[in-house]
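*Asks:* Structure supplied as input-v8.txt; contents: compact mmCIF, C-alpha atoms.
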```txt
# COMPACT_ATOMS: atom_id res chain seq x y z
CA MET P 230 107.83 110.37 91.84
CA PHE P 231 104.52 109.51 90.23
CA VAL P 232 104.27 109.51 86.46
CA ILE P 233 101.42 109.11 83.96
CA VAL P 234 102.47 108.15 80.45
CA THR P 235 100.29 108.41 77.37
CA TYR P 236 101.39 107.71 73.84
CA ASP P 237 100.36 107.92 70.25
CA ILE P 238 102.59 105.78 68.09
CA ASN P 239 102.50 104.49 64.56
CA GLU P 240 101.07 101.00 64.47
CA LYS P 241 104.36 99.54 63.27
CA ARG P 242 106.15 100.50 66.44
CA VAL P 243 103.40 100.69 69.02
CA ASN P 244 104.03 97.21 70.34
CA LYS P 245 107.69 97.92 70.96
CA VAL P 246 106.79 101.01 72.95
CA ARG P 247 104.17 99.13 74.93
CA LYS P 248 106.67 96.43 75.83
CA ILE P 249 109.18 98.96 77.13
CA LEU P 250 106.64 100.89 79.18
CA LYS P 251 105.31 97.67 80.67
CA LYS P 252 108.61 97.06 82.42
CA TYR P 253 108.48 100.33 84.28
CA PHE P 254 104.83 101.16 84.79
CA THR P 255 101.49 99.51 85.38
CA TRP P 256 99.07 99.45 82.52
CA VAL P 257 95.82 101.34 83.23
CA GLN P 258 94.06 101.85 79.93
CA ASN P 259 94.79 101.54 76.23
CA SER P 260 97.82 103.77 75.58
CA VAL P 261 97.99 104.85 79.22
CA PHE P 262 100.44 103.74 81.86
CA GLU P 263 101.05 105.06 85.34
CA GLY P 264 103.16 104.27 88.36
CA GLU P 265 105.72 105.31 90.88
CA ILE P 266 109.27 105.39 89.65
CA THR P 267 112.65 106.81 90.54
CA LEU P 268 114.28 109.58 88.54
CA GLY P 269 117.05 107.29 87.35
CA LYS P 270 114.70 104.62 86.11
CA LEU P 271 112.53 107.21 84.39
CA GLU P 272 115.58 108.44 82.53
CA LYS P 273 116.49 104.87 81.60
CA CYS P 274 113.00 104.30 80.31
CA LYS P 275 113.08 107.46 78.20
CA ARG P 276 116.38 106.41 76.63
CA GLU P 277 114.95 103.04 75.72
CA LEU P 278 111.94 104.72 74.15
CA LEU P 279 114.08 107.15 72.16
CA SER P 280 115.85 104.27 70.49
CA VAL P 281 112.53 102.91 69.23
CA ILE P 282 110.32 105.83 68.26
CA GLU P 283 110.48 108.00 65.14
CA LYS P 284 110.75 111.52 66.43
CA ASP P 285 108.81 113.21 63.66
CA GLU P 286 105.92 110.79 63.73
CA ASP P 287 105.35 109.41 67.24
CA SER P 288 104.70 111.09 70.54
CA VAL P 289 104.91 110.02 74.17
CA TYR P 290 103.69 112.31 76.94
CA PHE P 291 105.03 112.10 80.48
CA TYR P 292 103.03 113.78 83.23
CA GLU P 293 105.46 113.88 86.10
CA MET P 294 104.34 114.56 89.63
CA GLU P 295 106.50 114.76 92.70
CA TYR P 296 104.07 112.81 94.86
CA LYS P 297 101.27 110.45 94.08
CA LEU P 298 98.92 112.46 96.27
CA VAL P 299 99.27 115.54 94.07
CA CYS P 300 97.61 113.61 91.28
CA ASN P 301 94.25 113.28 93.06
CA LYS P 302 92.92 110.59 90.75
CA LYS P 303 89.14 110.21 90.42
CA VAL P 304 87.47 107.36 88.62
CA LEU P 305 84.09 107.19 86.94
CA GLY P 306 82.76 103.73 86.22
CA GLN P 307 84.99 100.70 86.46
CA GLU P 308 88.21 100.98 88.40
CA LYS P 309 90.59 98.28 87.34
CA ASN P 310 92.95 97.57 90.15
CA TYR P 311 96.05 96.59 88.23
CA ASP P 312 98.59 98.00 90.65
CA SER P 313 97.67 96.15 93.83
CA ILE P 314 100.59 94.37 95.41
CA ILE P 315 98.54 91.40 96.50
CA ILE P 316 97.48 89.18 93.66
CA MET M 148 110.24 102.86 96.42
CA GLN M 149 110.85 99.33 95.29
CA LYS M 150 107.79 97.28 95.99
CA SER M 151 107.13 93.88 97.43
CA LEU M 152 104.67 91.68 95.63
CA TYR M 153 102.53 89.07 97.34
CA LEU M 154 101.09 86.25 95.27
CA THR M 155 98.29 84.62 97.23
CA SER M 156 96.46 83.07 94.30
CA ASN M 157 97.55 80.09 92.29
CA GLY M 158 99.01 80.55 88.85
CA ARG M 159 102.08 80.74 86.72
CA LEU M 160 104.92 83.25 86.80
CA ARG M 161 106.19 83.69 83.29
CA ARG M 162 108.73 85.69 81.36
CA HIS M 163 106.91 87.19 78.45
CA GLU M 164 107.57 90.24 76.27
CA ASN M 165 110.61 91.11 78.32
CA THR M 166 108.77 91.49 81.54
CA LEU M 167 107.11 89.27 84.07
CA TYR M 168 103.59 87.95 83.78
CA PHE M 169 101.49 86.38 86.46
CA GLU M 170 98.78 84.25 84.93
CA THR M 171 95.93 82.86 86.95
CA GLU M 172 92.85 81.10 85.70
CA VAL M 173 90.88 84.32 85.73
CA GLU M 174 93.39 86.92 84.66
CA LYS M 175 96.75 87.60 83.12
CA ARG M 176 98.66 90.45 84.56
CA SER M 177 101.96 92.04 83.69
CA ILE M 178 104.30 93.09 86.46
CA ASP M 179 106.48 96.19 86.19
CA ILE M 180 109.65 94.28 86.85
CA GLU M 181 111.90 97.32 87.24
CA ASN M 182 110.07 98.38 90.37
CA VAL M 183 109.93 95.05 92.16
CA GLU M 184 112.30 94.23 94.96
CA GLN M 185 110.91 90.98 96.25
CA ILE M 186 108.09 88.56 95.55
CA HIS M 187 106.39 86.58 98.30
CA ILE M 188 104.71 83.46 97.05
CA PHE M 189 101.89 81.98 99.12
CA GLY M 190 99.86 80.23 96.48
CA GLU M 191 100.71 77.34 94.23
CA VAL M 192 102.83 78.99 91.60
CA ASP M 193 104.61 77.42 88.66
CA LEU M 194 107.74 78.94 87.24
CA ASN M 195 110.56 77.86 85.02
CA THR M 196 114.27 78.66 84.70
CA LYS M 197 113.55 81.21 82.00
CA ALA M 198 111.57 83.23 84.53
CA LEU M 199 114.14 82.65 87.26
CA ASN M 200 116.97 83.85 85.02
CA TYR M 201 115.11 86.99 84.21
CA ILE M 202 114.21 87.60 87.84
CA SER M 203 117.82 87.23 88.91
CA GLN M 204 118.92 89.83 86.35
CA TYR M 205 116.93 92.37 88.30
CA GLY M 206 118.10 91.10 91.65
CA ILE M 207 114.61 90.20 92.77
CA VAL M 208 114.37 87.87 95.75
CA LEU M 209 111.66 85.20 95.75
CA HIS M 210 110.34 84.02 99.09
CA PHE M 211 108.29 80.86 99.27
CA TYR M 212 105.80 79.99 101.97
CA ASN M 213 103.99 76.72 102.44
CA TYR M 214 100.27 76.16 102.56
CA TYR M 215 100.12 77.19 106.20
CA GLY M 216 101.98 80.44 105.65
CA PHE M 217 105.28 79.21 107.09
CA TYR M 218 108.48 80.32 105.51
CA ALA M 219 109.79 77.57 103.25
CA GLY M 220 112.80 79.14 101.58
CA SER M 221 114.05 81.75 99.17
CA PHE M 222 115.46 82.05 95.73
CA LEU M 223 118.34 84.46 96.05
CA PRO M 224 119.87 85.77 92.84
CA ARG M 225 123.62 86.02 92.49
CA LYS M 226 124.84 88.30 95.22
CA LYS M 227 126.13 91.59 93.90
CA ASN M 228 127.45 93.26 97.01
CA VAL M 229 130.14 91.00 98.32
CA SER M 230 133.02 91.87 100.57
CA GLY M 231 135.29 89.16 101.91
CA ASP M 232 136.67 91.62 104.39
CA VAL M 233 133.32 92.25 106.05
CA VAL M 234 132.51 88.53 106.18
CA VAL M 235 135.86 87.70 107.82
CA ARG M 236 135.38 90.42 110.39
CA GLN M 237 131.81 89.34 110.99
CA ALA M 238 133.06 85.82 111.67
CA LEU M 239 135.69 87.17 114.06
CA HIS M 240 132.96 88.82 116.07
CA TYR M 241 131.22 85.48 116.28
CA LEU M 242 134.33 83.61 117.42
CA ASP M 243 135.23 86.03 120.19
CA ARG M 244 133.01 85.15 123.15
CA GLU M 245 132.89 88.67 124.56
CA LYS M 246 132.18 90.32 121.23
CA ARG M 247 129.47 87.82 120.39
CA LEU M 248 127.78 88.29 123.75
CA PHE M 249 127.83 92.04 123.26
CA LEU M 250 125.96 91.83 119.97
CA ALA M 251 123.52 89.23 121.25
CA TYR M 252 122.84 91.42 124.26
CA CYS M 253 122.18 94.39 121.96
CA PHE M 254 119.52 92.48 120.02
CA VAL M 255 117.74 91.35 123.17
CA GLU M 256 117.99 94.77 124.75
CA SER M 257 116.31 96.36 121.78
CA ALA M 258 113.65 93.64 121.58
CA VAL M 259 112.80 94.06 125.26
CA TYR M 260 112.75 97.82 124.86
CA HIS M 261 110.22 97.55 122.07
CA MET M 262 108.10 95.05 123.99
CA MET M 263 107.92 97.45 126.90
CA ARG M 264 107.15 100.24 124.49
CA ASN M 265 104.14 98.30 123.22
CA LEU M 266 102.80 97.82 126.72
CA ARG M 267 103.55 101.26 128.06
CA GLU M 268 100.50 102.95 126.58
CA ARG M 269 98.13 100.27 127.77
CA LYS M 270 96.79 100.69 131.27
CA GLU M 271 95.49 97.12 131.44
CA ALA M 272 98.96 95.74 131.02
CA GLU M 273 100.65 97.77 133.69
CA ALA M 274 101.28 94.85 136.03
CA PHE M 275 102.95 92.93 133.22
CA LEU M 276 105.07 95.89 132.29
CA ILE M 277 106.35 96.10 135.84
CA ALA M 278 107.01 92.37 135.83
CA ILE M 279 109.06 92.66 132.65
CA GLU M 280 110.99 95.64 133.96
CA ASP M 281 111.69 93.69 137.10
CA GLU M 282 112.84 90.55 135.30
CA TRP M 283 115.00 92.52 132.88
CA GLY M 284 116.43 94.81 135.54
CA LYS M 285 117.49 91.90 137.68
CA GLY M 286 118.58 89.56 134.95
CA ARG M 287 120.51 91.79 132.59
CA PHE M 288 123.55 92.16 134.81
CA ASN M 289 124.02 88.47 135.56
CA ILE M 290 124.51 87.18 132.07
CA SER M 291 127.67 85.28 131.34
CA ASN M 292 126.75 83.30 128.26
CA ILE M 293 124.35 83.18 125.35
CA ALA M 294 122.20 80.41 126.86
CA GLU M 295 121.47 82.53 129.92
CA LEU M 296 120.61 85.46 127.73
CA MET M 297 118.24 83.32 125.69
CA GLY M 298 116.66 82.07 128.91
CA LEU M 299 116.10 85.59 130.15
CA GLU M 300 114.64 86.61 126.83
CA GLY M 301 112.33 83.61 126.87
CA ARG M 302 111.04 84.45 130.35
CA ILE M 303 110.39 88.06 129.37
CA ARG M 304 108.65 87.03 126.18
CA ASN M 305 106.44 84.72 128.22
CA ILE M 306 105.26 87.56 130.45
CA TYR M 307 104.84 89.75 127.39
CA TYR M 308 102.60 87.27 125.60
CA GLN M 309 100.59 86.70 128.77
CA SER M 310 99.78 90.39 128.85
CA PHE M 311 98.05 90.16 125.45
CA ASN M 312 95.00 88.69 127.15
CA GLN M 313 94.44 91.98 128.92
CA PHE M 314 93.85 94.15 125.90
CA LEU M 315 92.97 91.91 122.96
CA PRO M 316 89.43 90.72 122.19
CA GLU M 317 88.32 87.65 124.10
CA ASP M 318 88.11 85.52 120.98
CA PHE M 319 91.83 85.78 120.75
CA ALA M 320 92.81 84.66 124.19
CA MET M 321 96.27 83.20 124.43
CA GLU M 322 97.07 80.47 126.87
CA LYS M 323 100.61 80.09 125.83
CA ARG M 324 102.80 80.68 122.83
CA GLU M 325 102.79 77.66 120.57
CA LYS M 326 104.68 77.16 117.37
CA ARG M 327 104.96 74.49 114.74
CA PRO M 328 102.04 74.26 114.37
CA PRO M 329 100.11 77.01 116.13
CA THR M 330 96.92 75.72 117.70
CA ASN M 331 94.89 78.87 118.14
CA PRO M 332 94.24 82.06 116.16
CA ILE M 333 96.55 84.42 118.04
CA ASN M 334 99.46 82.02 117.78
CA ALA M 335 98.74 81.61 114.09
CA LEU M 336 98.86 85.38 113.62
CA ILE M 337 102.15 85.72 115.46
CA SER M 338 103.71 82.88 113.51
CA PHE M 339 102.55 84.25 110.19
CA GLY M 340 103.81 87.73 111.02
CA ASN M 341 107.14 86.39 112.15
CA SER M 342 107.57 84.46 108.90
CA LEU M 343 106.98 87.66 106.99
CA ILE M 344 109.38 89.78 108.98
CA TYR M 345 111.98 87.04 108.78
CA SER M 346 111.99 87.01 105.01
CA HIS M 347 111.82 90.78 104.72
CA THR M 348 114.88 91.04 106.94
CA LEU M 349 116.65 88.46 104.82
CA SER M 350 115.98 90.53 101.70
CA GLN M 351 117.49 93.56 103.36
CA ILE M 352 120.55 91.69 104.63
CA TYR M 353 121.02 90.23 101.20
CA GLN M 354 121.48 93.65 99.72
CA THR M 355 124.30 94.49 102.08
CA GLN M 356 127.71 92.87 102.41
CA LEU M 357 126.75 90.89 105.50
CA ASP M 358 126.69 87.11 105.49
CA PRO M 359 123.20 86.02 106.54
CA THR M 360 124.42 82.75 108.01
CA ILE M 361 126.76 84.12 110.68
CA SER M 362 124.63 85.11 113.64
CA PHE M 363 125.17 86.04 117.26
CA LEU M 364 122.11 85.56 119.40
CA HIS M 365 120.90 82.48 117.59
CA GLU M 366 123.32 79.68 116.94
CA PRO M 367 124.48 79.85 113.32
CA SER M 368 123.03 76.46 112.59
CA GLU M 369 123.65 75.14 109.15
CA LYS M 370 120.24 75.15 107.65
CA ARG M 371 118.99 78.65 108.30
CA PHE M 372 119.86 82.24 107.64
CA SER M 373 120.11 82.91 111.31
CA LEU M 374 121.40 86.50 111.16
CA SER M 375 117.98 87.29 109.81
CA LEU M 376 116.49 85.79 112.97
CA ASP M 377 118.78 87.96 115.10
CA ILE M 378 117.83 91.20 113.42
CA SER M 379 114.13 90.26 113.19
CA GLU M 380 114.16 90.02 116.97
CA ILE M 381 114.32 93.82 117.10
CA PHE M 382 111.48 94.30 114.65
CA LYS M 383 109.05 91.63 115.80
CA PRO M 384 107.53 93.70 118.61
CA LEU M 385 107.94 96.90 116.64
CA ILE M 386 106.22 95.78 113.45
CA VAL M 387 104.47 92.40 113.75
CA ASP M 388 102.91 92.87 117.16
CA THR M 389 101.65 96.37 116.49
CA VAL M 390 100.06 95.17 113.27
CA ILE M 391 98.33 92.35 115.15
CA PHE M 392 97.06 94.71 117.86
CA LYS M 393 95.68 97.06 115.26
CA LEU M 394 93.95 94.36 113.23
CA LEU M 395 92.38 92.70 116.25
CA ASN M 396 91.34 95.81 118.14
CA ASN M 397 89.76 97.31 115.05
CA ARG M 398 88.05 93.97 114.41
CA GLN M 399 89.50 93.81 110.93
CA ILE M 400 90.40 90.20 111.52
CA SER M 401 87.94 87.92 113.25
CA LEU M 402 87.60 84.21 113.84
CA GLU M 403 86.12 83.66 110.40
CA HIS M 404 89.49 84.44 108.89
CA PHE M 405 90.98 81.27 110.27
CA ASP M 406 90.79 77.69 109.18
CA GLU M 407 91.01 75.12 111.86
CA ASP M 408 92.22 71.66 111.06
CA LEU M 409 92.58 68.66 113.29
CA ASN M 410 94.51 70.40 116.02
CA TYR M 411 96.10 73.38 114.45
CA CYS M 412 95.00 76.70 113.14
CA TYR M 413 96.03 79.00 110.35
CA LEU M 414 94.98 82.09 108.46
CA ASN M 415 92.87 81.53 105.38
CA GLN M 416 93.33 83.27 102.04
CA GLU M 417 91.18 86.26 103.00
CA GLY M 418 92.87 86.61 106.38
CA LYS M 419 96.31 86.49 104.83
CA LYS M 420 95.38 89.27 102.43
CA ILE M 421 94.15 91.55 105.21
CA PHE M 422 97.24 90.86 107.28
CA ILE M 423 99.66 91.41 104.40
CA LYS M 424 98.00 94.68 103.45
CA GLU M 425 98.34 96.09 106.95
CA PHE M 426 101.84 94.69 107.30
CA GLN M 427 102.98 96.26 104.06
CA SER M 428 101.55 99.66 104.90
CA LYS M 429 103.34 99.46 108.25
CA LEU M 430 106.62 98.73 106.48
CA GLU M 431 106.12 101.76 104.29
CA THR M 432 105.27 104.12 107.14
CA THR M 433 108.01 106.66 107.54
CA VAL M 434 109.55 108.35 110.54
CA ARG M 435 111.85 111.35 110.58
CA HIS M 436 115.36 110.15 111.36
CA ARG M 437 117.16 112.48 113.69
CA GLN M 438 120.73 111.97 112.50
CA LEU M 439 120.06 111.38 108.82
CA ASN M 440 117.56 114.23 108.80
CA ARG M 441 115.26 112.51 106.35
CA ASN M 442 112.25 110.26 106.47
CA VAL M 443 113.01 106.58 106.87
CA SER M 444 110.45 103.81 106.46
CA TYR M 445 110.26 100.84 108.79
CA LYS M 446 111.74 98.78 105.99
CA GLY M 447 114.52 101.34 105.76
CA PHE M 448 115.21 100.89 109.46
CA ILE M 449 115.87 97.20 108.88
CA ARG M 450 118.45 98.13 106.26
CA LEU M 451 119.99 100.76 108.53
CA GLU M 452 120.38 98.11 111.20
CA CYS M 453 122.49 96.09 108.73
CA TYR M 454 124.66 99.09 107.94
CA LYS M 455 125.19 99.74 111.62
CA LEU M 456 126.35 96.15 112.03
CA ILE M 457 128.82 96.53 109.16
CA LYS M 458 130.18 99.69 110.75
CA HIS M 459 130.57 97.78 113.97
CA PHE M 460 132.40 94.89 112.31
CA ILE M 461 134.92 97.06 110.52
CA GLY M 462 135.59 99.00 113.70
CA ASP M 463 134.11 102.25 112.54
CA GLN M 464 131.38 102.77 115.09
CA VAL M 465 130.19 100.66 118.00
CA TYR M 466 126.79 99.08 117.35
CA SER M 467 123.88 100.50 119.24
CA PRO M 468 120.59 98.81 118.43
CA LEU M 469 117.48 100.64 117.31
CA LYS M 470 115.30 101.99 120.09
CA ALA M 471 112.19 103.59 118.71
CA TRP M 472 112.12 107.18 119.91
CA TRP M 473 108.86 108.23 118.36
```
Can I see the file as structure tokens?

*Replies:*
Amino acid sequence: MFVIVTYDINEKRVNKVRKILKKYFTWVQNSVFEGEITLGKLEKCKRELLSVIEKDEDSVYFYEMEYKLVCNKKVLGQEKNYDSIII
Amino acid sequence: MQKSLYLTSNGRLRRHENTLYFETEVEKRSIDIENVEQIHIFGEVDLNTKALNYISQYGIVLHFYNYYGFYAGSFLPRKKNVSGDVVVRQALHYLDREKRLFLAYCFVESAVYHMMRNLRERKEAEAFLIAIEDEWGKGRFNISNIAELMGLEGRIRNIYYQSFNQFLPEDFAMEKREKRPPTNPINALISFGNSLIYSHTLSQIYQTQLDPTISFLHEPSEKRFSLSLDISEIFKPLIVDTVIFKLLNNRQISLEHFDEDLNYCYLNQEGKKIFIKEFQSKLETTVRHRQLNRNVSYKGFIRLECYKLIKHFIGDQVYSPLKAWW
């Protein structure tokens, strides 16, 4: 499945959250990650996040789509190609 | 889907902030390590044991290629799926002359089938197709040992490569197949593609219980993972050759994508990138599988081939090689 993750986290913990998300997704913009992932790994990622965030203060949004094509991403201005497999 | 990563630029692979970083002179990029299955390294890349330890935790296979794009070797993390039973039975199939010949024959049969499949749609190559059918039809029943089988395969492959001249652009004329080192562009393409398929197959074998060193068609020589060569045989015409045809006939790759040295020839950085991109999208193309009733990618078919072999070794189901039906 294809997932977009955005987050708003207290400065004290934001780096921890960023480090976890970086393992599973590709970074696209400040506080935004996206990428293809399996259900199991997504669950694993959410568990890791839950152990870090304060539930009454921080928020992480997951936009989950069954296929990447559904997302129909359009870009204005610079497209930063961070997810290419050839570096 | 677990992805394959190709590093064509020079830089350093580093463990940092609990994930993997690839740092080049121009940029620093983090890699989502959980989704990586294998990394192919073409450039000059530095890495240390800290990175290797981390990579092995995730079971990621590293494949190294030399400057010319030839397969140099792999870093294989500790194998997780091991089964002594399967290895012993695999070895038994090697030791028994009849059983070994059967498997070797299967690989060649499938390879020849796919070669003919490639030529079938092309009118220009009709004469060659008939020649291959003829050679195969006559030869296949008179095989008593592996050497004869290899000889037959070699003759067929010769005709097959000759036929390329009929439908590929003139710039890419092939006089004969040359390896180590290739001397003209088309040979360079074939060699590069074969290196890729070889390592991809190895990655797939490595995730099953099979032992990559015990092979059937190729001699299990000591220094190579020859089972990977055996299984690649099936997929070379199916994947590598079709990718080459597509790239050349659509003029995506031209002579400017090659560097020529004293008397050999190889793909340059740009050419490699184009090739890898097409190759990867081919691997990810899916086909509806009739028995499994789900879509299987070309990469998935390589894995299925391994499973079929295991089933054959443990006496569950007789091996029948892949013959593309689509």

*Asks:* Using only C-alpha atoms, which of P:Leu268, P:Ile249, P:Met294, P:Val261 sits nearest chain M?

*Replies:*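 Smallest distance to chain M is found for P:Ile249.
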
*Asks:* Between atom CA of Trp283 of chain M and atom CA of Asn265 of chain M, what is the distance, to one decimal in Å?

*Replies:*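 Calculated distance between atom CA of Trp283 of chain M and atom CA of Asn265 of chain M is 15.6 Å.
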
*Asks:* Nearest to Gln149 of chain M: which of M:Asn195, M:Gln185, M:Thr171, M:Gln399 is it, counting only C-alpha atoms?

*Replies:*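 Comparing M:Asn195, M:Gln185, M:Thr171, M:Gln399 against Gln149 of chain M, the winner is M:Gln185.
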
*Asks:* Point out the residue among M:Thr355, M:Gln416, M:Gln309, M:Asn292 with the least atom-to-atom distance to Ile315 of chain P, counting only C-alpha atoms.

*Replies:*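 Of the candidates, the smallest distance to Ile315 of chain P is held by M:Gln416.
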
*Asks:* Taking all atoms listed in the file into account, find every residue of chain M that has an atom no more than 7 Å from chain P, and write it out as a VMD selection string.

*Replies:* chain M and resid 151 to 156 164 166 179 to 182

*Asks:* Work out how far atom CA of Glu380 of chain M is from atom CA of Lys285 of chain M, in Å to one decimal.

*Replies:*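 Pair atom CA of Lys285 of chain M / atom CA of Glu380 of chain M returns 21.1 Å.
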
*Asks:* Using all atoms listed in the file, which protein or nucleic acid residues come within 12 Å of Glu317 of chain M? Drop anything in the same chain fewer than 6 positions from it, and give the result as a short mmCIF file (atom, residue, chain, number, x, y, z; two decimals) with C-alpha atoms, in the coordinates of the input.

*Replies:*
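Produced file out26.cif, reproduced below:
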```cif
data_model
loop_
_atom_site.label_atom_id
_atom_site.label_comp_id
_atom_site.auth_asym_id
_atom_site.auth_seq_id
_atom_site.Cartn_x
_atom_site.Cartn_y
_atom_site.Cartn_z
CA PHE M 311 98.05 90.16 125.45
CA PRO M 332 94.24 82.06 116.16
CA ILE M 333 96.55 84.42 118.04
CA LEU M 395 92.38 92.70 116.25
CA ASN M 396 91.34 95.81 118.14
CA ARG M 398 88.05 93.97 114.41
CA SER M 401 87.94 87.92 113.25
CA LEU M 402 87.60 84.21 113.84
#
```

*Asks:* Need the shell around segment 444-458 of chain M: protein/DNA/RNA residues with any atom at most 9 Å away, counting only C-alpha atoms. Skip same-chain ones fewer than 2 positions apart. Format as number ranges by chain?

*Replies:* M: 233, 237, 347-348, 351-352, 354-357, 378-379, 382, 386, 429-435, 442, 460-469

*Asks:* Distance atom CA of Arg324 of chain M-atom CA of His261 of chain M, one decimal place?

*Replies:* 18.4 Å

*Asks:* Quick one: residues within 6 Å of Phe405 of chain M, all atoms listed in the file counted, chain neighbours fewer than 2 positions away excluded, as an NGL selection string?

*Replies:* :M and (402-403 or 413-415)

*Asks:* Could you write out that same residue set with C-alpha atoms as an mmCIF file, in the coordinates of the input?

*Replies:*
```cif
data_model
loop_
_atom_site.group_PDB
_atom_site.id
_atom_site.type_symbol
_atom_site.label_atom_id
_atom_site.label_comp_id
_atom_site.auth_asym_id
_atom_site.auth_seq_id
_atom_site.Cartn_x
_atom_site.Cartn_y
_atom_site.Cartn_z
ATOM 1 C CA LEU M 402 87.600 84.210 113.840
ATOM 2 C CA GLU M 403 86.120 83.660 110.400
ATOM 3 C CA TYR M 413 96.030 79.000 110.350
ATOM 4 C CA LEU M 414 94.980 82.090 108.460
ATOM 5 C CA ASN M 415 92.870 81.530 105.380
#
```

*Asks:* Starting from the point (105.6, 114.9, 77.5), work out which residues of protein, DNA or RNA have an atom no more than 12 Å away when counting only C-alpha atoms; state them as a PDB file with C-alpha atoms, in the frame of the given file.

*Replies:*
```
ATOM      1  CA  VAL P 232     104.270 109.510  86.460  1.00  0.00           C
ATOM      2  CA  ILE P 233     101.420 109.110  83.960  1.00  0.00           C
ATOM      3  CA  VAL P 234     102.470 108.150  80.450  1.00  0.00           C
ATOM      4  CA  THR P 235     100.290 108.410  77.370  1.00  0.00           C
ATOM      5  CA  TYR P 236     101.390 107.710  73.840  1.00  0.00           C
ATOM      6  CA  ASP P 237     100.360 107.920  70.250  1.00  0.00           C
ATOM      7  CA  LYS P 275     113.080 107.460  78.200  1.00  0.00           C
ATOM      8  CA  ASP P 287     105.350 109.410  67.240  1.00  0.00           C
ATOM      9  CA  SER P 288     104.700 111.090  70.540  1.00  0.00           C
ATOM     10  CA  VAL P 289     104.910 110.020  74.170  1.00  0.00           C
ATOM     11  CA  TYR P 290     103.690 112.310  76.940  1.00  0.00           C
ATOM     12  CA  PHE P 291     105.030 112.100  80.480  1.00  0.00           C
ATOM     13  CA  TYR P 292     103.030 113.780  83.230  1.00  0.00           C
ATOM     14  CA  GLU P 293     105.460 113.880  86.100  1.00  0.00           C
TER      15      GLU P 293
END
```

*Asks:* Can you work out which one of M:Lys470, M:Lys383, M:His210, M:His240 has the shortest atom-to-atom distance to Arg304 of chain M, counting all atoms listed in the file?

*Replies:*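 Looking at the shortest contact to Arg304 of chain M, the residue is M:Lys383.
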
*Asks:* Could the centre and edge lengths of an axis-aligned box, enclosing all atoms of segment 266-272 of chain P in the file with 5 Å extra on each side, be given in Å to one decimal as JSON?

*Replies:*
```
{"center_x": 113.2, "center_y": 107.1, "center_z": 86.5, "size_x": 17.8, "size_y": 15.0, "size_z": 18.0}
```

*Asks:* Could you model N, CA, C and O atoms for segment 422-431 of chain M and present them as a PDB file, in the frame of the given file?

*Replies:*
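Final file, selection-v7.pdb:
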```pdb
ATOM      1  N   PHE M 422      96.024  90.727 106.470  1.00  0.00           N
ATOM      2  CA  PHE M 422      97.240  90.860 107.280  1.00  0.00           C
ATOM      3  C   PHE M 422      98.367  91.476 106.450  1.00  0.00           C
ATOM      4  O   PHE M 422      99.028  92.416 106.874  1.00  0.00           O
ATOM      5  N   ILE M 423      98.568  90.932 105.247  1.00  0.00           N
ATOM      6  CA  ILE M 423      99.660  91.410 104.400  1.00  0.00           C
ATOM      7  C   ILE M 423      99.490  92.892 104.076  1.00  0.00           C
ATOM      8  O   ILE M 423     100.441  93.662 104.118  1.00  0.00           O
ATOM      9  N   LYS M 424      98.255  93.294 103.814  1.00  0.00           N
ATOM     10  CA  LYS M 424      98.000  94.680 103.450  1.00  0.00           C
ATOM     11  C   LYS M 424      98.425  95.615 104.584  1.00  0.00           C
ATOM     12  O   LYS M 424      99.119  96.604 104.378  1.00  0.00           O
ATOM     13  N   GLU M 425      98.003  95.260 105.789  1.00  0.00           N
ATOM     14  CA  GLU M 425      98.340  96.090 106.950  1.00  0.00           C
ATOM     15  C   GLU M 425      99.841  96.058 107.198  1.00  0.00           C
ATOM     16  O   GLU M 425     100.463  97.080 107.481  1.00  0.00           O
ATOM     17  N   PHE M 426     100.413  94.873 107.073  1.00  0.00           N
ATOM     18  CA  PHE M 426     101.840  94.690 107.300  1.00  0.00           C
ATOM     19  C   PHE M 426     102.650  95.552 106.336  1.00  0.00           C
ATOM     20  O   PHE M 426     103.592  96.247 106.721  1.00  0.00           O
ATOM     21  N   GLN M 427     102.261  95.518 105.080  1.00  0.00           N
ATOM     22  CA  GLN M 427     102.980  96.260 104.060  1.00  0.00           C
ATOM     23  C   GLN M 427     102.874  97.765 104.297  1.00  0.00           C
ATOM     24  O   GLN M 427     103.839  98.490 104.160  1.00  0.00           O
ATOM     25  N   SER M 428     101.678  98.217 104.702  1.00  0.00           N
ATOM     26  CA  SER M 428     101.550  99.660 104.900  1.00  0.00           C
ATOM     27  C   SER M 428     102.351 100.079 106.138  1.00  0.00           C
ATOM     28  O   SER M 428     102.860 101.193 106.209  1.00  0.00           O
ATOM     29  N   LYS M 429     102.480  99.174 107.094  1.00  0.00           N
ATOM     30  CA  LYS M 429     103.340  99.460 108.250  1.00  0.00           C
ATOM     31  C   LYS M 429     104.789  99.608 107.800  1.00  0.00           C
ATOM     32  O   LYS M 429     105.489 100.533 108.194  1.00  0.00           O
ATOM     33  N   LEU M 430     105.234  98.682 106.953  1.00  0.00           N
ATOM     34  CA  LEU M 430     106.620  98.730 106.480  1.00  0.00           C
ATOM     35  C   LEU M 430     106.921 100.019 105.742  1.00  0.00           C
ATOM     36  O   LEU M 430     108.044 100.495 105.728  1.00  0.00           O
ATOM     37  N   GLU M 431     105.894 100.570 105.094  1.00  0.00           N
ATOM     38  CA  GLU M 431     106.120 101.760 104.290  1.00  0.00           C
ATOM     39  C   GLU M 431     105.917 103.053 105.076  1.00  0.00           C
ATOM     40  O   GLU M 431     106.190 104.133 104.571  1.00  0.00           O
TER      41      GLU M 431
END
```
